[in-house]
file final.pdb (PDB, C-alpha atoms and all ligand atoms)
ATOM      1  CA  ALA P 292       0.000   0.000   0.000
ATOM      2  CA  SER P 293       2.870   2.390   0.737
ATOM      3  CA  ALA P 294       4.369   1.830  -2.735
ATOM      4  CA  LYS P 295       0.998   2.723  -4.232
ATOM      5  CA  ARG P 296       0.845   5.819  -2.060
ATOM      6  CA  ALA P 297       4.343   6.795  -3.038
ATOM      7  CA  GLY P 298       3.373   6.495  -6.681
ATOM      8  CA  LYS P 299       0.387   8.707  -6.083
ATOM      9  CA  LEU P 300       2.475  11.318  -4.314
ATOM     10  CA  TRP P 301       4.940  11.233  -7.162
ATOM     11  CA  ARG P 302       2.239  11.949  -9.706
ATOM     12  CA  LEU P 303       0.648  14.502  -7.409
ATOM     13  CA  HIS P 304       3.662  16.636  -6.867
ATOM     14  CA  THR P 305       6.533  16.521  -9.262
ATOM     15  CA  GLN P 306       9.113  18.717  -7.562
ATOM     16  CA  GLU P 307      10.139  17.287  -4.241
ATOM     17  CA  ALA P 308       8.897  15.194  -1.386
ATOM     18  CA  GLY P 309       8.682  18.254   0.848
ATOM     19  CA  ALA P 310       6.109  19.889  -1.354
ATOM     20  CA  ALA P 311       4.022  16.703  -1.354
ATOM     21  CA  ILE P 312       4.104  16.509   2.424
ATOM     22  CA  ASN P 313       3.066  20.144   2.669
ATOM     23  CA  LEU P 314       0.214  19.476   0.296
ATOM     24  CA  GLU P 315      -0.949  16.549   2.424
ATOM     25  CA  LEU P 316      -0.823  18.623   5.597
ATOM     26  CA  ASP P 317      -2.739  21.429   3.878
ATOM     27  CA  LEU P 318      -5.429  19.100   2.554
ATOM     28  CA  LEU P 319      -5.837  17.422   5.940
ATOM     29  CA  SER P 320      -6.329  20.753   7.688
ATOM     30  CA  GLU P 321      -8.658  22.049   4.955
ATOM     31  CA  LEU P 322     -11.132  19.160   4.876
ATOM     32  CA  ASP P 323     -13.529  20.565   7.489
ATOM     33  CA  GLU P 324     -13.653  23.926   5.771
ATOM     34  CA  ALA P 325     -14.160  22.262   2.369
ATOM     35  CA  LEU P 326     -17.083  20.233   3.719
ATOM     36  CA  ARG P 327     -18.647  23.352   5.296
ATOM     37  CA  SER P 328     -18.231  25.574   2.249
ATOM     38  CA  GLY P 329     -19.556  23.041  -0.252
ATOM     39  CA  ASN P 330     -16.246  22.659  -2.100
ATOM     40  CA  ILE P 331     -16.586  18.913  -1.980
ATOM     41  CA  ALA P 332     -18.579  18.171  -5.123
ATOM     42  CA  VAL P 333     -20.233  14.963  -6.211
ATOM     43  CA  LEU P 334     -20.454  14.036  -9.880
ATOM     44  CA  TYR P 335     -22.595  11.207 -11.211
ATOM     45  CA  GLN P 336     -21.503   8.744 -13.838
ATOM     46  CA  PRO P 337     -24.448   7.058 -15.559
ATOM     47  CA  LYS P 338     -24.996   3.316 -15.785
ATOM     48  CA  LEU P 339     -26.929   2.152 -18.817
ATOM     49  CA  ASN P 340     -29.418  -0.670 -18.324
ATOM     50  CA  LEU P 341     -28.690  -2.912 -21.319
ATOM     51  CA  VAL P 342     -32.202  -4.371 -21.366
ATOM     52  CA  THR P 343     -34.285  -1.193 -21.140
ATOM     53  CA  ARG P 344     -31.574   0.981 -22.820
ATOM     54  CA  ARG P 345     -32.144   3.609 -20.173
ATOM     55  CA  ILE P 346     -29.951   5.249 -17.581
ATOM     56  CA  ASP P 347     -31.481   3.878 -14.401
ATOM     57  CA  SER P 348     -28.566   4.226 -11.997
ATOM     58  CA  VAL P 349     -25.472   6.323 -11.349
ATOM     59  CA  GLU P 350     -22.216   6.129  -9.441
ATOM     60  CA  ALA P 351     -21.360   9.048  -7.159
ATOM     61  CA  LEU P 352     -17.763  10.198  -7.695
ATOM     62  CA  VAL P 353     -16.254  12.798  -5.399
ATOM     63  CA  ARG P 354     -14.237  15.860  -6.492
ATOM     64  CA  TRP P 355     -12.582  18.592  -4.450
ATOM     65  CA  ASN P 356     -13.155  21.999  -5.916
ATOM     66  CA  HIS P 357     -10.119  23.535  -4.277
ATOM     67  CA  PRO P 358     -10.057  27.365  -4.200
ATOM     68  CA  LYS P 359      -6.276  27.511  -4.722
ATOM     69  CA  ARG P 360      -5.364  24.196  -6.342
ATOM     70  CA  GLY P 361      -8.232  23.736  -8.782
ATOM     71  CA  LEU P 362     -10.323  20.627  -9.264
ATOM     72  CA  LEU P 363      -8.712  17.717  -7.422
ATOM     73  CA  PRO P 364      -9.493  14.127  -8.483
ATOM     74  CA  PRO P 365     -10.215  11.548  -5.757
ATOM     75  CA  ASP P 366      -6.824   9.856  -6.122
ATOM     76  CA  CYS P 367      -5.241  13.057  -4.720
ATOM     77  CA  PHE P 368      -6.995  12.886  -1.384
ATOM     78  CA  ILE P 369      -8.920   9.612  -0.821
ATOM     79  CA  PRO P 370      -5.798   7.545   0.040
ATOM     80  CA  LEU P 371      -4.603  10.348   2.325
ATOM     81  CA  PHE P 372      -7.859  10.621   4.253
ATOM     82  CA  GLU P 373      -8.169   6.858   4.415
ATOM     83  CA  GLU P 374      -4.725   6.613   5.986
ATOM     84  CA  ARG P 375      -5.509   9.374   8.483
ATOM     85  CA  GLY P 376      -8.903   8.023   9.486
ATOM     86  CA  ARG P 377     -10.873  10.923   7.991
ATOM     87  CA  LEU P 378     -12.469   9.083   5.080
ATOM     88  CA  ASP P 379     -15.651   8.250   6.991
ATOM     89  CA  GLU P 380     -16.583  11.950   7.234
ATOM     90  CA  LEU P 381     -15.968  12.452   3.544
ATOM     91  CA  THR P 382     -17.903   9.305   2.622
ATOM     92  CA  LEU P 383     -20.888  10.371   4.722
ATOM     93  CA  ALA P 384     -20.829  13.793   3.034
ATOM     94  CA  VAL P 385     -20.835  12.111  -0.398
ATOM     95  CA  LEU P 386     -23.661   9.798   0.654
ATOM     96  CA  GLU P 387     -25.691  12.716   2.001
ATOM     97  CA  GLN P 388     -25.210  14.754  -1.194
ATOM     98  CA  ALA P 389     -26.077  11.728  -3.342
ATOM     99  CA  MET P 390     -29.255  11.042  -1.356
ATOM    100  CA  ASP P 391     -30.304  14.708  -1.670
ATOM    101  CA  ASP P 392     -29.787  14.639  -5.433
ATOM    102  CA  ALA P 393     -31.523  11.269  -5.810
ATOM    103  CA  LYS P 394     -34.477  12.593  -3.857
ATOM    104  CA  ARG P 395     -34.707  15.569  -6.230
ATOM    105  CA  TRP P 396     -34.523  13.298  -9.294
ATOM    106  CA  HIS P 397     -37.241  11.065  -7.873
ATOM    107  CA  SER P 398     -39.531  14.000  -7.211
ATOM    108  CA  ASP P 399     -38.942  15.049 -10.846
ATOM    109  CA  GLY P 400     -40.112  11.595 -11.925
ATOM    110  CA  LEU P 401     -36.638  10.205 -12.658
ATOM    111  CA  HIS P 402     -36.143   6.956 -10.814
ATOM    112  CA  ILE P 403     -32.401   6.692 -10.584
ATOM    113  CA  ALA P 404     -30.613   4.406  -8.162
ATOM    114  CA  ILE P 405     -27.427   5.587  -6.482
ATOM    115  CA  ALA P 406     -24.085   3.836  -5.960
ATOM    116  CA  VAL P 407     -21.498   5.156  -3.510
ATOM    117  CA  ASN P 408     -17.908   3.930  -3.159
ATOM    118  CA  ILE P 409     -17.217   2.679   0.353
ATOM    119  CA  SER P 410     -13.685   1.772   1.359
ATOM    120  CA  ALA P 411     -13.246  -1.248   3.613
ATOM    121  CA  ALA P 412     -11.708   0.904   6.359
ATOM    122  CA  VAL P 413     -14.779   3.152   6.402
ATOM    123  CA  LEU P 414     -17.121   0.199   6.534
ATOM    124  CA  THR P 415     -15.897  -0.809   9.965
ATOM    125  CA  SER P 416     -15.213   2.678  11.338
ATOM    126  CA  GLU P 417     -17.047   3.724  14.481
ATOM    127  CA  ASN P 418     -20.683   4.735  14.040
ATOM    128  CA  PHE P 419     -20.494   4.543  10.263
ATOM    129  CA  GLU P 420     -23.378   2.081  10.115
ATOM    130  CA  THR P 421     -25.713   4.223  12.230
ATOM    131  CA  ARG P 422     -24.845   7.440  10.434
ATOM    132  CA  ALA P 423     -25.061   5.930   6.933
ATOM    133  CA  LEU P 424     -28.430   4.294   7.622
ATOM    134  CA  ALA P 425     -29.702   7.581   9.108
ATOM    135  CA  ARG P 426     -28.808   9.495   5.960
ATOM    136  CA  ILE P 427     -30.507   6.947   3.739
ATOM    137  CA  ALA P 428     -33.610   6.844   5.951
ATOM    138  CA  HIS P 429     -33.728  10.657   5.995
ATOM    139  CA  SER P 430     -33.960  10.731   2.184
ATOM    140  CA  GLY P 431     -37.170   8.732   2.286
ATOM    141  CA  LEU P 432     -35.954   6.615  -0.623
ATOM    142  CA  PRO P 433     -36.009   2.836  -0.279
ATOM    143  CA  ALA P 434     -32.645   1.377   0.745
ATOM    144  CA  GLU P 435     -32.932  -0.952  -2.286
ATOM    145  CA  GLN P 436     -32.151   2.136  -4.419
ATOM    146  CA  VAL P 437     -28.725   2.411  -2.789
ATOM    147  CA  THR P 438     -25.653   0.367  -3.728
ATOM    148  CA  PHE P 439     -22.379   0.319  -1.825
ATOM    149  CA  GLU P 440     -19.439  -0.338  -4.166
ATOM    150  CA  VAL P 441     -16.721  -2.099  -2.232
ATOM    151  CA  THR P 442     -13.428  -2.616  -3.963
ATOM    152  CA  GLU P 443     -12.009  -6.091  -4.112
ATOM    153  CA  SER P 444      -8.428  -4.951  -3.745
ATOM    154  CA  ALA P 445      -9.254  -2.984  -0.611
ATOM    155  CA  HIS P 446      -7.607  -4.217   2.527
ATOM    156  CA  PHE P 447     -10.176  -5.795   4.766
ATOM    157  CA  GLU P 448      -8.240  -5.100   7.966
ATOM    158  CA  ASP P 449     -10.584  -7.272   9.892
ATOM    159  CA  THR P 450     -12.320  -9.409   7.302
ATOM    160  CA  ALA P 451     -14.838 -10.949   9.690
ATOM    161  CA  GLU P 452     -15.896  -7.554  10.988
ATOM    162  CA  ALA P 453     -16.187  -6.120   7.482
ATOM    163  CA  ILE P 454     -18.284  -9.075   6.310
ATOM    164  CA  ALA P 455     -20.575  -8.777   9.336
ATOM    165  CA  MET P 456     -21.025  -5.097   8.550
ATOM    166  CA  LEU P 457     -21.810  -5.806   4.893
ATOM    167  CA  GLU P 458     -24.373  -8.372   6.026
ATOM    168  CA  ARG P 459     -26.078  -5.781   8.212
ATOM    169  CA  PHE P 460     -26.218  -3.272   5.365
ATOM    170  CA  ARG P 461     -27.534  -6.017   3.081
ATOM    171  CA  ALA P 462     -30.197  -6.889   5.663
ATOM    172  CA  ALA P 463     -31.205  -3.218   5.697
ATOM    173  CA  GLY P 464     -31.872  -3.516   1.941
ATOM    174  CA  ILE P 465     -28.721  -1.885   0.591
ATOM    175  CA  ARG P 466     -27.194  -3.578  -2.460
ATOM    176  CA  ILE P 467     -23.511  -4.561  -2.237
ATOM    177  CA  SER P 468     -21.366  -4.425  -5.372
ATOM    178  CA  MET P 469     -17.862  -5.835  -5.765
ATOM    179  CA  ASP P 470     -16.022  -3.016  -7.552
ATOM    180  CA  ASP P 471     -13.047  -3.491  -9.905
ATOM    181  CA  TYR P 472     -13.845  -7.190 -10.019
ATOM    182  CA  GLY P 473     -11.026  -9.329 -11.375
ATOM    183  CA  THR P 474      -8.129  -7.176 -10.237
ATOM    184  CA  GLY P 475      -7.967  -8.288  -6.600
ATOM    185  CA  GLN P 476      -6.249 -11.134  -4.840
ATOM    186  CA  SER P 477      -8.937 -13.603  -3.893
ATOM    187  CA  ALA P 478     -11.923 -13.077  -6.128
ATOM    188  CA  LEU P 479     -13.501 -16.499  -5.602
ATOM    189  CA  ASN P 480     -13.020 -16.260  -1.877
ATOM    190  CA  TYR P 481     -14.917 -12.971  -1.775
ATOM    191  CA  LEU P 482     -17.672 -14.381  -3.991
ATOM    192  CA  LYS P 483     -18.146 -17.063  -1.395
ATOM    193  CA  LEU P 484     -17.901 -14.862   1.685
ATOM    194  CA  LEU P 485     -19.523 -11.530   0.871
ATOM    195  CA  PRO P 486     -23.289 -10.876   0.687
ATOM    196  CA  LEU P 487     -23.094  -9.482  -2.854
ATOM    197  CA  SER P 488     -25.840  -8.257  -5.167
ATOM    198  CA  GLU P 489     -23.591  -7.289  -8.048
ATOM    199  CA  LEU P 490     -20.193  -7.692  -9.689
ATOM    200  CA  LYS P 491     -18.619  -4.721 -11.375
ATOM    201  CA  ILE P 492     -16.062  -6.014 -13.868
ATOM    202  CA  ASP P 493     -12.954  -3.848 -13.988
ATOM    203  CA  ARG P 494     -12.351  -1.833 -17.110
ATOM    204  CA  MET P 495      -9.019  -3.640 -17.588
ATOM    205  CA  PHE P 496     -11.038  -6.641 -18.882
ATOM    206  CA  VAL P 497     -13.817  -4.652 -20.525
ATOM    207  CA  ALA P 498     -12.251  -1.888 -22.608
ATOM    208  CA  GLN P 499     -10.975  -4.205 -25.409
ATOM    209  CA  VAL P 500     -13.575  -6.926 -25.026
ATOM    210  CA  HIS P 501     -14.869  -6.508 -28.600
ATOM    211  CA  THR P 502     -11.392  -7.062 -30.147
ATOM    212  CA  ASP P 503      -9.530  -9.293 -27.669
ATOM    213  CA  ARG P 504     -10.644 -12.948 -27.681
ATOM    214  CA  GLY P 505      -9.156 -13.608 -24.264
ATOM    215  CA  ASP P 506     -10.962 -10.684 -22.661
ATOM    216  CA  ALA P 507     -14.153 -11.724 -24.433
ATOM    217  CA  MET P 508     -13.964 -15.202 -22.913
ATOM    218  CA  LEU P 509     -13.197 -13.880 -19.446
ATOM    219  CA  VAL P 510     -16.039 -11.378 -19.488
ATOM    220  CA  ARG P 511     -18.560 -13.796 -21.014
ATOM    221  CA  SER P 512     -17.807 -16.482 -18.454
ATOM    222  CA  THR P 513     -17.802 -13.966 -15.598
ATOM    223  CA  VAL P 514     -21.278 -12.813 -16.630
ATOM    224  CA  GLN P 515     -22.405 -16.464 -16.681
ATOM    225  CA  LEU P 516     -20.844 -17.173 -13.306
ATOM    226  CA  ALA P 517     -22.410 -14.079 -11.758
ATOM    227  CA  HIS P 518     -25.839 -14.924 -13.133
ATOM    228  CA  GLU P 519     -25.606 -18.466 -11.807
ATOM    229  CA  LEU P 520     -24.845 -16.982  -8.406
ATOM    230  CA  GLY P 521     -27.864 -14.708  -8.744
ATOM    231  CA  LEU P 522     -25.783 -11.542  -9.123
ATOM    232  CA  LYS P 523     -26.197  -8.640 -11.536
ATOM    233  CA  VAL P 524     -23.223  -7.559 -13.635
ATOM    234  CA  VAL P 525     -21.987  -4.063 -14.423
ATOM    235  CA  ALA P 526     -19.156  -3.632 -16.932
ATOM    236  CA  GLU P 527     -17.067  -0.485 -16.466
ATOM    237  CA  GLY P 528     -14.844   1.386 -18.918
ATOM    238  CA  ILE P 529     -16.947   1.230 -22.109
ATOM    239  CA  GLU P 530     -15.373   3.685 -24.522
ATOM    240  CA  GLU P 531     -16.720   2.388 -27.864
ATOM    241  CA  ALA P 532     -19.995   1.373 -29.498
ATOM    242  CA  ALA P 533     -18.669  -2.082 -30.447
ATOM    243  CA  CYS P 534     -17.837  -2.751 -26.816
ATOM    244  CA  LEU P 535     -21.349  -1.799 -25.751
ATOM    245  CA  ASP P 536     -22.847  -4.062 -28.432
ATOM    246  CA  PHE P 537     -20.739  -7.021 -27.313
ATOM    247  CA  LEU P 538     -21.834  -6.596 -23.703
ATOM    248  CA  THR P 539     -25.474  -6.360 -24.749
ATOM    249  CA  GLU P 540     -25.101  -9.574 -26.773
ATOM    250  CA  ILE P 541     -23.638 -11.612 -23.922
ATOM    251  CA  GLY P 542     -26.369 -10.528 -21.514
ATOM    252  CA  CYS P 543     -24.433  -8.164 -19.260
ATOM    253  CA  ASP P 544     -26.931  -6.152 -17.170
ATOM    254  CA  HIS P 545     -25.425  -2.659 -17.030
ATOM    255  CA  ALA P 546     -22.698  -0.719 -18.819
ATOM    256  CA  GLN P 547     -20.714   2.263 -17.609
ATOM    257  CA  GLY P 548     -17.949   4.247 -19.276
ATOM    258  CA  TYR P 549     -17.114   7.368 -21.236
ATOM    259  CA  PHE P 550     -19.109   6.120 -24.244
ATOM    260  CA  VAL P 551     -22.246   5.928 -22.102
ATOM    261  CA  GLY P 552     -21.428   9.107 -20.226
ATOM    262  CA  ARG P 553     -18.733  10.961 -18.333
ATOM    263  CA  PRO P 554     -19.238  11.852 -14.698
ATOM    264  CA  LEU P 555     -21.781  14.715 -14.748
ATOM    265  CA  ALA P 556     -23.159  17.327 -12.386
ATOM    266  CA  ALA P 557     -26.555  16.416 -10.932
ATOM    267  CA  ASN P 558     -28.503  18.725 -13.268
ATOM    268  CA  ASP P 559     -26.823  17.473 -16.452
ATOM    269  CA  LEU P 560     -27.431  13.898 -15.404
ATOM    270  CA  ALA P 561     -31.170  14.501 -15.220
ATOM    271  CA  ALA P 562     -31.256  15.526 -18.912
ATOM    272  CA  LEU P 563     -29.322  12.420 -19.983
ATOM    273  CA  ALA P 564     -31.463  10.076 -17.927
ATOM    274  CA  ALA P 565     -34.656  11.361 -19.505
ATOM    275  CA  ALA P 566     -33.618   9.874 -22.867
ATOM    276  CA  THR P 567     -33.600   6.293 -24.139
ATOM    277  CA  LEU P 568     -30.468   5.089 -25.898
ATOM    278  CA  PRO P 569     -30.856   2.943 -29.029
ATOM    279  CA  ALA P 570     -28.233   0.253 -29.694
ATOM    280  CA  SER P 571     -24.880   1.523 -31.037
ATOM    281  CA  GLN P 572     -25.866   5.128 -30.643
ATOM    282  CA  PRO P 573     -23.850   7.495 -28.505
ATOM    283  CA  PRO P 574     -25.861   9.058 -25.705
ATOM    284  CA  PRO P 575     -27.732  12.248 -26.573
ATOM    285  CA  LEU P 576     -25.741  14.348 -24.180
ATOM    286  CA  VAL P 577     -22.116  13.882 -23.257
ATOM    287  CA  SER P 578     -20.260  16.599 -21.450
ATOM    288  CA  ALA P 579     -16.827  16.357 -19.963
ATOM    289  CA  ALA P 580     -16.286  16.848 -16.254
TER     290      ALA P 580
HETATM  291  P1  LIG N 601     -13.970   3.439  -9.430
HETATM  292  O1  LIG N 601     -14.986   3.217  -8.386
HETATM  293  O2  LIG N 601     -13.503   2.241 -10.165
HETATM  294  O3  LIG N 601     -14.623   4.573 -10.357
HETATM  295  C1  LIG N 601     -14.544   4.689 -11.703
HETATM  296  C2  LIG N 601     -13.445   5.595 -12.154
HETATM  297  O4  LIG N 601     -13.166   5.287 -13.513
HETATM  298  C3  LIG N 601     -13.817   7.069 -12.122
HETATM  299  O5  LIG N 601     -12.647   7.857 -11.904
HETATM  300  C4  LIG N 601     -14.295   7.310 -13.526
HETATM  301  O6  LIG N 601     -14.231   8.641 -13.936
HETATM  302  C5  LIG N 601     -13.349   6.434 -14.326
HETATM  303  N1  LIG N 601     -13.952   6.008 -15.588
HETATM  304  C6  LIG N 601     -15.246   5.813 -15.830
HETATM  305  N2  LIG N 601     -15.483   5.438 -17.089
HETATM  306  C7  LIG N 601     -14.294   5.373 -17.702
HETATM  307  C8  LIG N 601     -13.877   5.034 -19.031
HETATM  308  O7  LIG N 601     -14.677   4.710 -19.923
HETATM  309  N3  LIG N 601     -12.553   5.073 -19.299
HETATM  310  C9  LIG N 601     -11.649   5.430 -18.353
HETATM  311  N4  LIG N 601     -10.356   5.456 -18.713
HETATM  312  N5  LIG N 601     -11.994   5.754 -17.075
HETATM  313  C10 LIG N 601     -13.302   5.733 -16.752
HETATM  314  P2  LIG N 601     -12.547   8.839 -10.676
HETATM  315  O8  LIG N 601     -13.805   9.630 -10.553
HETATM  316  O9  LIG N 601     -11.248   9.565 -10.827
HETATM  317  O10 LIG N 601     -12.497   7.860  -9.463
HETATM  318  C11 LIG N 601     -11.381   7.061  -9.220
HETATM  319  C12 LIG N 601     -11.594   6.171  -8.032
HETATM  320  O11 LIG N 601     -11.702   6.960  -6.834
HETATM  321  C13 LIG N 601     -12.902   5.378  -8.091
HETATM  322  O12 LIG N 601     -12.705   4.230  -8.847
HETATM  323  C14 LIG N 601     -13.159   5.103  -6.627
HETATM  324  O13 LIG N 601     -12.502   3.919  -6.221
HETATM  325  C15 LIG N 601     -12.524   6.293  -5.913
HETATM  326  N6  LIG N 601     -13.585   7.184  -5.425
HETATM  327  C16 LIG N 601     -14.243   8.150  -6.080
HETATM  328  N7  LIG N 601     -15.148   8.759  -5.290
HETATM  329  C17 LIG N 601     -15.058   8.141  -4.074
HETATM  330  C18 LIG N 601     -15.739   8.303  -2.815
HETATM  331  O14 LIG N 601     -16.636   9.124  -2.648
HETATM  332  N8  LIG N 601     -15.361   7.455  -1.803
HETATM  333  C19 LIG N 601     -14.391   6.512  -1.956
HETATM  334  N9  LIG N 601     -14.081   5.729  -0.930
HETATM  335  N10 LIG N 601     -13.735   6.343  -3.118
HETATM  336  C20 LIG N 601     -14.064   7.141  -4.170
HETATM  337 MG    MG N 602     -16.759   2.469  -8.035
HETATM  338 MG    MG N 603     -14.981   0.658 -10.513
HETATM  339 MG    MG N 604     -12.108   1.034 -11.359
END
call {"tool": "encode", "arguments": {"input": "final.pdb", "output": "structure tokens", "more": "lines below"}}
Ligand code: C2E
Ligand code: MG
Ligand code: MG
Ligand code: MG
result
Amino acid sequence: ASAKRAGKLWRLHTQEAGAAINLELDLLSELDEALRSGNIAVLYQPKLNLVTRRIDSVEALVRWNHPKRGLLPPDCFIPLFEERGRLDELTLAVLEQAMDDAKRWHSDGLHIAIAVNISAAVLTSENFETRALARIAHSGLPAEQVTFEVTESAHFEDTAEAIAMLERFRAAGIRISMDDYGTGQSALNYLKLLPLSELKIDRMFVAQVHTDRGDAMLVRSTVQLAHELGLKVVAEGIEEAACLDFLTEIGCDHAQGYFVGRPLAANDLAALAAATLPASQPPPLVSAA
């Protein structure tokens, strides 16, 4: 994990380690203010239902609209906050924003389900369960409209505790999705142990699925396996029409990626979701974010 962090720091700040450390200290001390002032923004990346050809769900993706440093992507600050035990606050803020936006969409007649990324460390942090369930209950939307995306490569510090927590969320109606499926260490083990509703196949296997026979076999058999286990499948990283067509053909349930739509602000998402997408057609509205 520290090698990964080092790599991130390297990309983050090119000059010297000192500057990177200063940046980290700044960001840590600025989180509270950012949460208060609304500089933590949530974008929504659409998921296309491959049966109905409609956008019926979205993934909430956090951004930090930093007054001095510009728009910061999650890789700049999520690992930092996770390491310093501050990621639960940020996650709850994202969940709260997502529930507010979902509530607005629903009252406008758009029935869009929400997925939020939950790191394993947050899952078992103190009071997270109570506070997360309170925010979902407060929205008035059914918990079945909420998915927690848990990444397979995440370190389950205490696996038994994390699994117990996932089971409680599942019992409350929340859907559990295994994010970045295929890239982690013990995929089959997690399939057996976790109370999953969905597999989200990593874009590493998906992006070239229409041209690479090996990827095609892996994705097709993963979809079959998931369906036999009673799980839905989302493929991430669709950047081309041919890729979308392949996934439709093999019976994948949902598709997500730049071809379907970039992460969008809540208002732009509403316009996209109102349309139906015919096969092989790019979505009617794609704006970069
Ligand atoms: P992820 O959950 O696997 O999210 C998908 C990431 O892939 C997003 O990057 C998205 O913009 C990008 N992506 C989507 N479609 C395509 C595509 O077609 N091609 C390519 N090349 N990329 C695509 P983003 O927003 O930078 O998020 C990166 C990661 O940060 C996420 O990976 C997620 O693990 C984490 N993250 C984001 N928001 C949160 C959050 O609120 N809480 C936590 N714990 N993690 C978050
Ligand atoms: Mg995700
Ligand atoms: Mg993912
Ligand atoms: Mg991913």
call {"tool": "atom_distance", "arguments": {"input": "final.pdb", "atom1": "CA of Arg461 in chain P", "atom2": "CA of Leu520 in chain P"}}
result
16.1 Å
call {"tool": "closest_residue", "arguments": {"input": "final.pdb", "among": "P:Glu531, P:Glu489, P:Asp559, P:Glu435", "to": "Cys543 in chain P", "atoms": "only C-alpha atoms"}}
result
P:Glu489
call {"tool": "residues_around", "arguments": {"input": "final.pdb", "residues": "Ile427 in chain P", "least_positions_apart": "2", "cutoff": "10 Å", "atoms": "only C-alpha atoms", "output": "list of chain:residue names"}}
result
P:Leu386, P:Glu387, P:Ala389, P:Met390, P:Asp391, P:Arg422, P:Ala423, P:Leu424, P:Ala425, P:His429, P:Ser430, P:Gly431, P:Leu432, P:Pro433, P:Ala434, P:Gln436, P:Val437, P:Ile465
call {"tool": "atom_distance", "arguments": {"input": "final.pdb", "atom1": "atom N3 of ligand LIG 601 (chain N)", "atom2": "CA of Leu509 in chain P"}}
result
19.0 Å
call {"tool": "resolve_selection", "arguments": {"input": "final.pdb", "expression": "the PyMOL selection byres (((chain P and resi 400-410) around 6) and not hetatm)", "output": "number ranges by chain"}}
result
P: 347-351, 396-399, 411-413, 436-441
call {"tool": "resolve_selection", "arguments": {"input": "final.pdb", "expression": "the PyMOL selection byres (((chain P and resi 472) around 12) and not hetatm)", "output": "ChimeraX atom specification"}}
result
/P:440-445,468-471,473-479,481-482,487,489-497,509-510,513-514,517,524-527
call {"tool": "closest_residue", "arguments": {"input": "final.pdb", "among": "P:Cys367, P:Leu522, P:Leu352, P:Leu381", "to": "ligand LIG 601 (chain N)", "atoms": "only C-alpha atoms and all ligand atoms"}}
result
P:Leu352
call {"tool": "atom_distance", "arguments": {"input": "final.pdb", "atom1": "CA of Glu420 in chain P", "atom2": "CA of Glu315 in chain P"}}
result
27.8 Å
call {"tool": "closest_residue", "arguments": {"input": "final.pdb", "among": "P:Thr415, P:Gln336, P:Lys394, P:Leu538", "to": "ligand MG 603 (chain N)", "atoms": "all atoms listed in the file"}}
result
P:Gln336
call {"tool": "closest_residue", "arguments": {"input": "final.pdb", "among": "P:Leu560, P:Ile529, P:Met456, P:Ala565", "to": "ligand MG 603 (chain N)", "atoms": "only C-alpha atoms and all ligand atoms"}}
result
P:Ile529
call {"tool": "closest_residue", "arguments": {"input": "final.pdb", "among": "P:Ala462, P:Ala393, P:Ala561, P:Leu383", "to": "Asn418 in chain P", "atoms": "all atoms listed in the file"}}
result
P:Leu383
call {"tool": "closest_residue", "arguments": {"input": "final.pdb", "among": "P:Glu380, P:Asp323, P:Asp317, P:Glu530", "to": "ligand LIG 601 (chain N)", "atoms": "only C-alpha atoms and all ligand atoms"}}
result
P:Glu530
call {"tool": "residues_around", "arguments": {"input": "final.pdb", "residues": "Phe368 in chain P", "least_positions_apart": "6", "cutoff": "9 Å", "atoms": "only C-alpha atoms", "output": "PyMOL selection string"}}
result
chain P and resi 315+318-319+355
call {"tool": "residues_near_point", "arguments": {"input": "final.pdb", "point": "(-15.5, 19.9, 2.1)", "cutoff": "12 Å", "atoms": "all atoms listed in the file", "output": "PyMOL selection string"}}
result
chain P and resi 318-333+353-358+363+368+377-378+380-385+388
call {"tool": "axis_aligned_box", "arguments": {"input": "final.pdb", "around": "range 319-335 of chain P", "padding_each_side": "5 Å", "output": "AutoDock Vina command-line options"}}
result
--center_x -14.2 --center_y 18.4 --center_z -1.8 --size_x 26.8 --size_y 24.4 --size_z 28.9
call {"tool": "residues_around", "arguments": {"input": "final.pdb", "residues": "Asn340 in chain P", "least_positions_apart": "5", "cutoff": "7 Å", "atoms": "only C-alpha atoms", "output": "list in words"}}
result
Arg345, Ile346, Asp347, Asp544, His545 and Ala546 of chain P
